[in-house]
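What follows is one structure encoded as structure tokens, with my remarks underneath.
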Amino acid sequence: MTTMEDEYLEDLAYVRKEPSIHNLNEVYRKDLSDHSGFADQCADSYNQRRMWWPGKSLDQKKHQLDAKPWPMASDQEVPVIDPRINTLVALIMNAIRDGNITAAPVNGDDVERAASTTVFIRWMLDSWIPGAYDQIELSLNDMFEKGIAATWVGWEKRLRTHLQEIDLEEIAEQAPEMAELLADEDREDEAIEMLQNIFEGVNPKRAKKAFKQLRQNGVAEIPVVKGDIDRPVISAKCPQADIIYPSYTMDTKRVDRVHIRHFMSIQDLKASVHSEGWDEDWVDDIIENHMGMTQQELDGPYGNRSAFLANQSATLFNLGNRDAEDLVEIVRTFQRLVDEEDGAEGYYQTVWAPNQAEGDEENIGFGLFELLNGYDEFPIAVTTMSRDSKRIYDQRNVSDLLRGNQRQAKVSRDAFVDQLSIMMNPPRTHPAGRPASVWGAGADFATRRGEEGLYKTLEVPNTLREGTDYEQFLIDEADFIMGLKEGSPMALQRQQYYTNRGLAHVAEIARLAYKAYQKFYDGEDIHFRVTNSPDPQTFNQGPDDEELDIKFFYDVRTQDREYVKETVETLLKLPQADPTGTVDPAEIVRVAAMLAAPQFASRILRSAEASQADVLAKVSKDLALIYSGQEVAAQPNGGQIALEYIKNTYVQNPDILRKLQEDPIFAENLNTYVKQYEFQAQQNENAQTGRLGTPPTDLQATASA
């Protein structure tokens, strides 16, 4: 091995003071080239899903002169792949919203902490992460169309500013000292410093400009901070083009490197200087010398690389010129590097431009090179549609599984339409010597004189029924393959499997977002309200190294209303069959409500604490009326809470004991009120005895014996 090769490999393994962009570009180009086979597979899947093929026309007829079985024959769209991908994505998106989520600290046994963390994770997805469900939906579409879902998880921290006019006259009215300072030419430095102190985020250059505008025009534009943005962000990355792993990758958590491509405008580049600390001189060089990309550069090795592959693309629409003069390709390369001296491992990010790297090696720079402080893994969630191969790029997708069904369904549909047209207008014979005609519906062809029936139509076999049955068979088979065939237990298992794969991806996104929250959030405790939880929540970060075990649970059978009905009925019977009291009736009601009406559960459910407080408030009001001499009926619910409060707290009060002894009417009304609650309890016991044939106490005694 040569010294140059040694240096190349060492640059990919060890931490350097600065990255070698030349070597980074070489390994990037190699990863791109090795990735092109998977990219071709993705391009084919894209066309299959959208039913694009060469020569396709909007009228769904074949216009080629050599078309088979004849020109203008049927060329129908028969969607098989797309609706099944859409159905699976819709199923998983609904499962995310309606399913049960648990988020428990791995090393902790604090039940309350686990409960609050669970609610916090739900709130992150529902409200805090911008566009979370849109990005998740994009990733799920990638999972089924391309075989891989990849989602980058990061943190956005910046001041949100907007330009606002300030008027010198208004300043003079509200702060005369400030107006006086602005009017004094000899105190320009003080005025600029004052503007910076008053308006957060104003740099010296902008403050100086505002100072001159105020003195000349009496009005100036100045950036005003609207508020802080301090939140997690997620972004779906297309595995075909946006995110590139080495072709041999088996474990995306322990791989040595990964590249993420961005196509950025001048505005994006300038904003990154301030928000992420990119090198301003490097950005200026990119803007001045390297902007603009052709369609071929945009597609790169991801596009069709030969005449044969190009011919497989759709030709239905003329997309015109897709060159992008105002974009440039920027790459973030994440690397797992080791310190040569002590072997310490770290995760690093390099921001660079491939266009610049192709130029003079001496002028190659980079926008950012930094240690991802505190990271112990790449901040990317990657999930494959199935796990039947070690390497992540050895994947099948829905288009691979259903390509044959869609193709054959199209053939069957075309045959049906062609059969119908030829039956409605069958070919005719005519005397020989006439011009020959092509075969097809309504075609004529010659016969010699003397043959019987010079003019006649040909007999056409009727295969309409067979074609329709065959197409239905193909559709049913496609449903079975993707787990969508109604009433099939085996298909139901596949549906649950694909749902679990999607939910696992979302759980990984949530875990990485929570880790980013621990690392980067430095604000106060968060107060929030969350879907399916009626109570306001307060959450703090907890330990810096806290690991979460996040899981989403969703039973696909809950789409069956009969199954939900039977499950709810069974749940509601459990307390009556529980001799030891291990079943929590309140939690059963909560689960039953979420099963029966998940969209309304958050509006009708309350926490145990809120429910108890409500019952006690009503009972206290009743007791106040009884104390004043009135008769009051018992509350319809919460009898056990009411009895415990009256016997253990209310009547223990010395004033109440004295009142009971001195006021017989009060004692009688209170006794009646208590007996009503005791009667409720007896009725519940009688219902259980009638169902089981023996009192609950006997069952409990038997169980304890």
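Within each chain, counting starts at residue 1; across the structure tokens, chains are named A, B, ... in the order shown, with ligands numbered 1 upward in that order.
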### Task
Pick out each residue of stretch 244-424 of chain A that DSSP on the backbone tags as strand (DSSP E); I need them as an NGL selection string.
:A and (244 or 257-264 or 328-338 or 345-352 or 368-371 or 380-384)
#### Entry: Spatial neighbours of stretch 344-348 of chain A, 12 Å, only C-alpha atoms, chain gap at least 4 places, as number ranges by chain
A: 12-19, 253-259, 332-340, 368-379
### Task
Go ahead and compute the interatomic distance for atom CA of A:Ile192 and atom CA of A:Ile222, in Å to one decimal.
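Distance between the two atoms: 12.1 Å.
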### Task
Tell me which of A:Trp52, A:Tyr645, A:Trp70, A:Tyr498 sits closest to A:Ile422, counting only C-alpha atoms.
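Result for the nearest residue to A:Ile422: A:Trp70.
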### Task
Find the residues around stretch 472-487 of chain A up to 9 Å (only C-alpha atoms counted), leave out those fewer than 2 positions away in its own chain, and share them as number ranges by chain.
A: 80-81, 84-85, 87-88, 398, 401-402, 405-406, 408-409, 467-470, 489-498
### Task
Would you please extract all alpha helix (DSSP H) residues from stretch 6-134 of chain A, as assigned by DSSP on the backbone, and give them as number ranges by chain?
A: 6-11, 21-50, 81-98, 111-123, 132-134
### Message
What does the structure give for the distance between atom CA of A:Lys30 and atom CA of A:Asp279, in Å to one decimal?
### Response
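If I compute the distance from atom CA of A:Lys30 to atom CA of A:Asp279, I get 26.7 Å.
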